[in-house]
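Enquirer: I am attaching a structure below and will ask some questions about it afterwards.
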Amino acid sequence: MKKLLLLLAAAAMVACSTVKQKTLTLTDPLTLQSPDGTLTLRFGLSQDGTPMYALAMGEREVVKPSAMGFTFRGERINNDYDSRLHRTYTADVDFHSGFSIESEERDSFDETWNPIWGEESEIRNRYNGMTVTVAKDGIKMLIRFRLYEDGLGFRYEFPDQEKLTYFVIKDELTQFAMTSDHTAYWIPGDYDTQEYSYTVSRLSEIKAGHNPDYNASQLICSPNAVQTALQMKTDEGLYINIHEAELLDYPAMNLDLDPATLTFTTMLTPDAEGYRGRMQTPCKTPWRTVMVVDDARKVLASRLILNLNEACAVPDAAEWVHPVKYMGVWWEMIADKTKWSYTEDYHSVRLGETDYAASKPHGQHGANNDNVRRYIDFAAANGFDAVLVEGWNEGWEDWFGHQKFDVFDFVTPYPDFDIAALNAYAHSKGVKLIMHHETSSSAVNYERHLEEAYSLMNKYGYDAVKSGYVGDILPEGEHHYSQFMINHYHYCITEAVRHRIMVNAHEAVRPTGLCRTWPNMIGNESARGTEFKTGILPNHVTILPFTRLQGGPMDYTPGIFEMDMAKLNPASPGNISSTIARQLAIYVTMYSPLQMAADLPEHYAVHMDAFQFIKDVAVDWSESRYLLAEPGDYLVIARRAKAGAKSKANLGKDGHEWFVGGVTDENERDLEVDLSFLEPGRTYTATIYEDAPGACGIGDDPAFNPAYSIRTVRVTAADKLSMHLAQSGGFAISLQ
């Protein structure tokens, strides 16, 4: 690093002009076309040696010439021990201009790979590639491009080299210059949470401060910043999506918009000192991705993010990674019917010291033996794989809001939770329990206990864990999306592989396709899910498949049948904005190999006819068809069940069963579902779960009525079904 700084010192001592102030034009561009010739990438240097790229679809410009590069932190001036609290550095180092092109290499690639689980059984990975080596004062950087038929991926690579070993990123300056004032589907840029409602607006109208959503940990990073995956639509009907792939050992990015130029600049999540990345060569950044297609359905069908990740790194994954349909002692706690905690005797508890056996239970602890057995019985009787139990372990009395380092040990149960007996009971019923590890965002504490916690799971036959990261991160100053936490999440995944455990992380960083490499990443939250109850807007589930789900599946926790929250707790009034038919549809439209029936057994017991769809619907698919789609408005998706999958939901299926789901926003709609995807020559029985006449899914509307009806018809591939969707409603179809 010192050699680099000496070489660049003269330039660095002058105040660096930002790339926004430059005239961004390409000189003598290199070009690359997608395999089908639809997309064209141009790359070159501006007049002052700034690397730049541009992307076009045919004759239509998609991304205008956009700058690339970095600003590095300067050299530390005083290395004395006494100066650690007063660190000073030389001026920032410009690593975004003054480059020359040293070489270029071309390659092409075409493969078909088979995911362990997914929306289809085969995925084609085909691209044309170009790698350009640029240099500045003897320091080399590779910029690697992969151009697919539906989009572009590019990243920076720093090879092992004498003049650059360790360096600290102050800013990444990658830009995405938009051609006009597109419609955007966005949430505010934030270093700690994605649990926001989406805003639909023009780019020029983006202003994060107007979004009132609250979270236990949040830090909006700029008034004009948004998070990825960012979905946009042009007035000419192109769909553009910006995201990142293979996020490892690097902070997650937001996109900061310059309203005057409609140009996004990468804004990386800082660490506790305010720096964006601490690097050691050889190293590389995540892929920056730009998807562009001419049909909204192609966004949903794109596998750009998955394809930019490495192949499966778990040789025996197919032996133990499996889709899961589960229930859980969870919603009753979210709805304030029962509690995670055990007693009110202690306002402050200490790990390993508090005597719970001597305390008086408050009587509202949800994770007690009798209640858990009740869930196990219902799950076993209805063909579920597993039951999640939250609040089973000591420490919940003062876990929230204190940034407490020693919160849980993840192995010590409350007195009314007999872990050995409950596991034996569940296994006798053919059901597994899912472990819950709420870390309270004390990441170092979790890592300290991780081996013991995973070993306990192995002892009792748990093969899946739901981890949580509620609250501000410890160590203090770090963020949910900083480099430290990105490495923490990955460490948990790789340690879980050693124990053959599947991981479903909540409040973690949004997925970037790593589930291809590590298929035990069976699910993630990382967005506003059902737990927000009355805070879910009608258009929310019509946007998420275009945004959050681009990087991997979401544990959205659907299946709520009792929409009136006051019936669970009179102090929490209000209706969830959904019909029951819409809740069923989400099992198809919101893909996940980990699907929860989130409501209480007693609520399902009074709607067993509708609950039948939840019992029937598969969780692993051999084929998916995206029939109708417009972000923010509606979705209709059809999926064919995979035969012989390792979930009870797929056992007994012969690979001919199809399931269809459709959802709408706040507007009622009439949609026509073309069944031509069905196998010709076969006749199917279609069981249709739909909004009843007069249904309304708008929670605060006086006409709110989540009612459904069920009908059965015989159909073939030649048929079309006319479906009426209520406001915030939907439909689900089982085709046997």
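Residue names in the structure tokens use chain letters A, B, ... in the order shown, residue numbers from 1 in each chain, and ligand numbers from 1 in the order shown.
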Stretch 590-603 of chain A: which residues within 8 Å, counting only C-alpha atoms, same-chain residues fewer than 6 positions away excluded, as a PyMOL selection string?
Expert: chain A and resi 117-119+322-328+330-332+375+378+522-523+541+544-545+549+553-562+614+619-620
Enquirer: Within 12 Å of A:Ser734, counting only C-alpha atoms, which residues show up once you throw out same-chain ones fewer than 4 positions away? Write them as a PyMOL selection string, please.
Expert: chain A and resi 584-585+587-588+610+612-618+638-641+656-661+684-690+710-715
Enquirer: Hey, can you spit out that residue selection with C-alpha atoms as a PDB file, in the first residue's frame?
Expert:
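And here is the file that came out, again07.pdb:
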```pdb
ATOM      1  CA  LEU A 584     -53.089 -19.027  -1.040  1.00  0.00           C
ATOM      2  CA  ALA A 585     -51.802 -17.446  -4.244  1.00  0.00           C
ATOM      3  CA  TYR A 587     -47.463 -19.880  -2.187  1.00  0.00           C
ATOM      4  CA  VAL A 588     -47.010 -19.801  -5.954  1.00  0.00           C
ATOM      5  CA  ALA A 610     -59.143 -23.592   1.773  1.00  0.00           C
ATOM      6  CA  GLN A 612     -56.328 -27.992   1.401  1.00  0.00           C
ATOM      7  CA  PHE A 613     -54.435 -25.862  -1.124  1.00  0.00           C
ATOM      8  CA  ILE A 614     -51.663 -25.196   1.404  1.00  0.00           C
ATOM      9  CA  LYS A 615     -51.462 -28.939   2.028  1.00  0.00           C
ATOM     10  CA  ASP A 616     -51.370 -29.726  -1.695  1.00  0.00           C
ATOM     11  CA  VAL A 617     -49.076 -27.049  -3.110  1.00  0.00           C
ATOM     12  CA  ALA A 618     -45.526 -28.134  -3.874  1.00  0.00           C
ATOM     13  CA  ALA A 638     -47.849 -21.258 -13.046  1.00  0.00           C
ATOM     14  CA  ARG A 639     -45.456 -23.896 -11.715  1.00  0.00           C
ATOM     15  CA  ARG A 640     -45.111 -27.631 -12.350  1.00  0.00           C
ATOM     16  CA  ALA A 641     -44.287 -29.722  -9.306  1.00  0.00           C
ATOM     17  CA  HIS A 656     -47.668 -33.529 -14.107  1.00  0.00           C
ATOM     18  CA  GLU A 657     -49.326 -31.453 -11.358  1.00  0.00           C
ATOM     19  CA  TRP A 658     -49.447 -27.697 -11.913  1.00  0.00           C
ATOM     20  CA  PHE A 659     -50.244 -24.908  -9.479  1.00  0.00           C
ATOM     21  CA  VAL A 660     -51.212 -21.356 -10.469  1.00  0.00           C
ATOM     22  CA  GLY A 661     -51.288 -18.217  -8.350  1.00  0.00           C
ATOM     23  CA  TYR A 684     -56.898 -31.920 -15.726  1.00  0.00           C
ATOM     24  CA  THR A 685     -59.111 -31.340 -12.722  1.00  0.00           C
ATOM     25  CA  ALA A 686     -58.775 -27.668 -11.803  1.00  0.00           C
ATOM     26  CA  THR A 687     -59.652 -26.800  -8.214  1.00  0.00           C
ATOM     27  CA  ILE A 688     -60.036 -23.021  -8.144  1.00  0.00           C
ATOM     28  CA  TYR A 689     -59.775 -21.001  -4.937  1.00  0.00           C
ATOM     29  CA  GLU A 690     -60.972 -17.469  -5.660  1.00  0.00           C
ATOM     30  CA  ILE A 710     -64.018 -22.950  -4.309  1.00  0.00           C
ATOM     31  CA  ARG A 711     -65.062 -24.589  -7.565  1.00  0.00           C
ATOM     32  CA  THR A 712     -63.877 -27.520  -9.630  1.00  0.00           C
ATOM     33  CA  VAL A 713     -63.811 -27.741 -13.434  1.00  0.00           C
ATOM     34  CA  ARG A 714     -62.259 -30.044 -16.029  1.00  0.00           C
ATOM     35  CA  VAL A 715     -59.789 -28.340 -18.371  1.00  0.00           C
TER      36      VAL A 715
END
```
Enquirer: If we count only C-alpha atoms and set the cut-off at 8 Å, which residues sit around stretch 578-581 of chain A, ignoring sequence neighbours fewer than 3 positions away in its own chain? Please answer as a PyMOL selection string.
Expert: chain A and resi 538+559-561+563+584-585+689-691+695-699+705-708+728-732
Enquirer: Between A:Ser359, A:Val293, A:Leu147, A:Glu172, which residue has the minimum interatomic distance to A:Arg60, considering only C-alpha atoms?
Expert: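 Comparing A:Ser359, A:Val293, A:Leu147, A:Glu172 against A:Arg60, the winner is A:Val293.
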Enquirer: Please list as a list in words every residue within 8 Å of stretch 36-50 of chain A, counting only C-alpha atoms and excluding residues in the same chain fewer than 4 positions away.
Expert: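 The residues that qualify are Thr23, Leu24, Thr25, Leu26, Thr27, Asp28, Pro29, Leu30, Thr31, Leu32, Ala54, Leu55, Ala56, Met57, Gly58, Ala67, Met68, Gly69, His96, Ser97, Gly98, Phe99, Ser100, Leu147, Tyr148, Glu149, Asp150 and Gly151 of chain A.
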Enquirer: With N, CA, C and O atoms retained, write the just-selected residues as an mmCIF file, in the first residue's frame.
Expert:
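Okay, this is what ended up in out05.cif:
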```cif
data_model
loop_
_atom_site.group_PDB
_atom_site.id
_atom_site.type_symbol
_atom_site.label_atom_id
_atom_site.label_comp_id
_atom_site.auth_asym_id
_atom_site.auth_seq_id
_atom_site.Cartn_x
_atom_site.Cartn_y
_atom_site.Cartn_z
ATOM 1 N N THR A 23 -16.683 15.345 -17.957
ATOM 2 C CA THR A 23 -17.414 15.080 -19.193
ATOM 3 C C THR A 23 -17.221 13.605 -19.508
ATOM 4 O O THR A 23 -16.126 13.156 -19.852
ATOM 5 N N LEU A 24 -18.276 12.832 -19.372
ATOM 6 C CA LEU A 24 -18.162 11.382 -19.453
ATOM 7 C C LEU A 24 -18.421 10.921 -20.888
ATOM 8 O O LEU A 24 -19.558 10.714 -21.300
ATOM 9 N N THR A 25 -17.364 10.815 -21.638
ATOM 10 C CA THR A 25 -17.455 10.334 -23.014
ATOM 11 C C THR A 25 -16.449 9.215 -23.214
ATOM 12 O O THR A 25 -15.363 9.205 -22.631
ATOM 13 N N LEU A 26 -16.816 8.242 -24.036
ATOM 14 C CA LEU A 26 -15.937 7.121 -24.336
ATOM 15 C C LEU A 26 -15.043 7.462 -25.524
ATOM 16 O O LEU A 26 -15.489 8.049 -26.506
ATOM 17 N N THR A 27 -13.771 7.094 -25.435
ATOM 18 C CA THR A 27 -12.865 7.258 -26.566
ATOM 19 C C THR A 27 -12.415 5.884 -27.037
ATOM 20 O O THR A 27 -12.017 5.049 -26.227
ATOM 21 N N ASP A 28 -12.507 5.651 -28.341
ATOM 22 C CA ASP A 28 -12.111 4.379 -28.942
ATOM 23 C C ASP A 28 -12.674 3.190 -28.184
ATOM 24 O O ASP A 28 -11.937 2.352 -27.648
ATOM 25 N N PRO A 29 -14.015 3.067 -28.090
ATOM 26 C CA PRO A 29 -14.597 2.027 -27.236
ATOM 27 C C PRO A 29 -14.381 0.617 -27.782
ATOM 28 O O PRO A 29 -14.376 0.384 -28.992
ATOM 29 N N LEU A 30 -14.226 -0.310 -26.843
ATOM 30 C CA LEU A 30 -14.311 -1.732 -27.143
ATOM 31 C C LEU A 30 -15.781 -2.122 -27.072
ATOM 32 O O LEU A 30 -16.535 -1.579 -26.263
ATOM 33 N N THR A 31 -16.207 -3.055 -27.896
ATOM 34 C CA THR A 31 -17.609 -3.457 -27.898
ATOM 35 C C THR A 31 -17.733 -4.956 -27.654
ATOM 36 O O THR A 31 -16.844 -5.738 -27.998
ATOM 37 N N LEU A 32 -18.861 -5.316 -27.061
ATOM 38 C CA LEU A 32 -19.180 -6.715 -26.775
ATOM 39 C C LEU A 32 -20.670 -6.896 -26.973
ATOM 40 O O LEU A 32 -21.463 -6.065 -26.514
ATOM 41 N N ALA A 54 -21.057 1.641 -21.314
ATOM 42 C CA ALA A 54 -22.410 2.006 -21.725
ATOM 43 C C ALA A 54 -23.088 0.743 -22.225
ATOM 44 O O ALA A 54 -22.437 -0.199 -22.686
ATOM 45 N N LEU A 55 -24.416 0.705 -22.135
ATOM 46 C CA LEU A 55 -25.182 -0.482 -22.515
ATOM 47 C C LEU A 55 -26.357 -0.071 -23.381
ATOM 48 O O LEU A 55 -27.043 0.916 -23.087
ATOM 49 N N ALA A 56 -26.579 -0.828 -24.456
ATOM 50 C CA ALA A 56 -27.699 -0.555 -25.361
ATOM 51 C C ALA A 56 -28.436 -1.848 -25.673
ATOM 52 O O ALA A 56 -27.847 -2.942 -25.655
ATOM 53 N N MET A 57 -29.727 -1.719 -25.954
ATOM 54 C CA MET A 57 -30.554 -2.833 -26.421
ATOM 55 C C MET A 57 -30.993 -2.490 -27.829
ATOM 56 O O MET A 57 -31.844 -1.621 -28.030
ATOM 57 N N GLY A 58 -30.372 -3.117 -28.816
ATOM 58 C CA GLY A 58 -30.599 -2.722 -30.196
ATOM 59 C C GLY A 58 -30.131 -1.295 -30.395
ATOM 60 O O GLY A 58 -28.996 -0.941 -30.078
ATOM 61 N N ALA A 67 -19.222 6.249 -15.386
ATOM 62 C CA ALA A 67 -17.869 6.144 -14.846
ATOM 63 C C ALA A 67 -17.713 4.941 -13.936
ATOM 64 O O ALA A 67 -18.675 4.429 -13.353
ATOM 65 N N MET A 68 -16.456 4.516 -13.795
ATOM 66 C CA MET A 68 -16.100 3.396 -12.938
ATOM 67 C C MET A 68 -14.862 3.783 -12.130
ATOM 68 O O MET A 68 -14.124 4.692 -12.513
ATOM 69 N N GLY A 69 -14.628 3.075 -11.033
ATOM 70 C CA GLY A 69 -13.410 3.307 -10.279
ATOM 71 C C GLY A 69 -13.650 3.482 -8.796
ATOM 72 O O GLY A 69 -14.751 3.227 -8.280
ATOM 73 N N HIS A 96 -9.676 6.433 -9.978
ATOM 74 C CA HIS A 96 -10.774 6.438 -10.938
ATOM 75 C C HIS A 96 -10.451 7.250 -12.195
ATOM 76 O O HIS A 96 -11.304 7.386 -13.075
ATOM 77 N N SER A 97 -9.248 7.770 -12.310
ATOM 78 C CA SER A 97 -8.851 8.473 -13.530
ATOM 79 C C SER A 97 -7.371 8.221 -13.767
ATOM 80 O O SER A 97 -6.674 7.657 -12.919
ATOM 81 N N GLY A 98 -6.876 8.645 -14.941
ATOM 82 C CA GLY A 98 -5.472 8.482 -15.260
ATOM 83 C C GLY A 98 -5.079 7.070 -15.659
ATOM 84 O O GLY A 98 -3.893 6.720 -15.635
ATOM 85 N N PHE A 99 -6.042 6.248 -16.058
ATOM 86 C CA PHE A 99 -5.754 4.864 -16.441
ATOM 87 C C PHE A 99 -5.381 4.771 -17.920
ATOM 88 O O PHE A 99 -5.748 5.618 -18.745
ATOM 89 N N SER A 100 -4.695 3.698 -18.238
ATOM 90 C CA SER A 100 -4.483 3.288 -19.626
ATOM 91 C C SER A 100 -4.916 1.832 -19.754
ATOM 92 O O SER A 100 -4.924 1.086 -18.765
ATOM 93 N N LEU A 147 -21.846 -10.535 -20.645
ATOM 94 C CA LEU A 147 -23.050 -10.008 -21.270
ATOM 95 C C LEU A 147 -23.967 -11.163 -21.659
ATOM 96 O O LEU A 147 -23.608 -12.013 -22.481
ATOM 97 N N TYR A 148 -25.126 -11.189 -21.043
ATOM 98 C CA TYR A 148 -26.146 -12.209 -21.284
ATOM 99 C C TYR A 148 -27.218 -11.645 -22.210
ATOM 100 O O TYR A 148 -27.228 -10.459 -22.533
ATOM 101 N N GLU A 149 -28.158 -12.485 -22.576
ATOM 102 C CA GLU A 149 -29.258 -12.026 -23.432
ATOM 103 C C GLU A 149 -30.227 -11.130 -22.670
ATOM 104 O O GLU A 149 -30.997 -10.393 -23.285
ATOM 105 N N ASP A 150 -30.191 -11.209 -21.333
ATOM 106 C CA ASP A 150 -31.112 -10.396 -20.541
ATOM 107 C C ASP A 150 -30.402 -9.403 -19.633
ATOM 108 O O ASP A 150 -31.050 -8.788 -18.781
ATOM 109 N N GLY A 151 -29.082 -9.242 -19.797
ATOM 110 C CA GLY A 151 -28.444 -8.243 -18.964
ATOM 111 C C GLY A 151 -26.935 -8.370 -18.884
ATOM 112 O O GLY A 151 -26.315 -9.248 -19.498
#
```
Enquirer: As an MDAnalysis selection string, please: all residues of stretch 322-445 of chain A that backbone DSSP puts in alpha helix (DSSP H).
Expert: chainID A and resid 331:334 369:381 419:428 443:445
Enquirer: When you look at A:Arg498 with a cut-off of 12 Å (counting only C-alpha atoms), what residues show up, excluding the ones that are within fewer than 2 positions of it in the same chain? I need them as a list in words.
Expert: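 Surrounding residues, per the criterion: Val314, Pro315, Asp316, Ala317, Trp320, Leu450, Glu451, Tyr454, Ser455, Asn458, Asp463, Tyr491, Cys492, Ile493, Thr494, Glu495, Ala496, Arg500, Ile501, Met502, Trp518 and Asn520 of chain A.
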Enquirer: Identify all residues of stretch 444-614 of chain A in strand (DSSP E or B) (DSSP on the backbone) and supply them as an MDAnalysis selection string.
Expert: chainID A and resid 464:468 474 502:506 521:524 554 564 575 594:596
Enquirer: Just checking: using only C-alpha atoms, which residue out of A:Asp213, A:Glu666, A:Asp171, A:Asp700 ends up closest to A:Ala726?
Expert: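 Closest to A:Ala726, using only C-alpha atoms: A:Glu666.
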Enquirer: If you count only C-alpha atoms, which residues fall within 12 Å of A:Leu308, apart from same-chain ones fewer than 2 positions away, as an mmCIF file with C-alpha atoms, in the first residue's frame?
Expert:
```cif
data_model
loop_
_atom_site.group_PDB
_atom_site.id
_atom_site.type_symbol
_atom_site.label_atom_id
_atom_site.label_comp_id
_atom_site.auth_asym_id
_atom_site.auth_seq_id
_atom_site.Cartn_x
_atom_site.Cartn_y
_atom_site.Cartn_z
ATOM 1 C CA PHE A 109 -19.559 -19.706 -22.131
ATOM 2 C CA ARG A 124 -29.011 -22.205 -18.884
ATOM 3 C CA ASN A 125 -25.951 -20.036 -18.269
ATOM 4 C CA ARG A 126 -24.806 -18.463 -21.551
ATOM 5 C CA TYR A 127 -22.809 -15.280 -22.013
ATOM 6 C CA GLY A 129 -17.285 -12.163 -21.866
ATOM 7 C CA ARG A 144 -14.530 -8.318 -16.091
ATOM 8 C CA PHE A 145 -17.747 -8.130 -18.143
ATOM 9 C CA ARG A 146 -20.285 -10.860 -18.837
ATOM 10 C CA LEU A 147 -23.050 -10.008 -21.270
ATOM 11 C CA TYR A 148 -26.146 -12.209 -21.284
ATOM 12 C CA GLY A 151 -28.444 -8.243 -18.964
ATOM 13 C CA LEU A 152 -24.914 -7.327 -17.977
ATOM 14 C CA GLY A 153 -22.676 -8.267 -15.080
ATOM 15 C CA PHE A 154 -19.312 -6.624 -14.359
ATOM 16 C CA ARG A 155 -16.876 -6.523 -11.469
ATOM 17 C CA HIS A 243 -28.622 -5.236 -8.458
ATOM 18 C CA GLU A 244 -25.456 -7.047 -7.408
ATOM 19 C CA ALA A 245 -24.413 -10.709 -7.424
ATOM 20 C CA GLU A 246 -22.028 -12.822 -5.345
ATOM 21 C CA LEU A 247 -21.672 -10.404 -2.425
ATOM 22 C CA PRO A 286 -19.291 -8.408 -6.239
ATOM 23 C CA TRP A 287 -20.805 -8.276 -9.711
ATOM 24 C CA ARG A 288 -22.717 -5.105 -10.563
ATOM 25 C CA THR A 289 -25.712 -6.105 -12.663
ATOM 26 C CA SER A 302 -34.304 -14.115 -15.520
ATOM 27 C CA ARG A 303 -31.574 -16.121 -13.778
ATOM 28 C CA LEU A 304 -28.911 -13.440 -14.279
ATOM 29 C CA ILE A 305 -28.081 -13.150 -10.579
ATOM 30 C CA LEU A 306 -27.861 -16.904 -9.988
ATOM 31 C CA GLU A 310 -20.156 -19.950 -8.633
ATOM 32 C CA ALA A 311 -21.382 -23.525 -8.997
ATOM 33 C CA THR A 512 -27.349 -11.960 -4.159
ATOM 34 C CA GLY A 513 -27.599 -15.467 -5.633
ATOM 35 C CA LEU A 514 -25.232 -17.171 -3.203
ATOM 36 C CA CYS A 515 -27.798 -19.938 -2.733
ATOM 37 C CA ARG A 516 -26.468 -21.429 -5.974
ATOM 38 C CA THR A 517 -23.047 -21.935 -4.386
ATOM 39 C CA GLY A 551 -31.357 -12.438 -5.497
#
```
Enquirer: May I have the residues within 10 Å of A:Pro680 as a ChimeraX atom specification, using only C-alpha atoms and disregarding those fewer than 2 positions away in the same chain?
Expert: /A:676-678,682-683,716-718
Enquirer: What does the structure give for the distance between atom CA of A:Arg73 and atom CA of A:Ala229, in Å to one decimal?
Expert: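 Computing it gives 28.1 Å between the two atoms.
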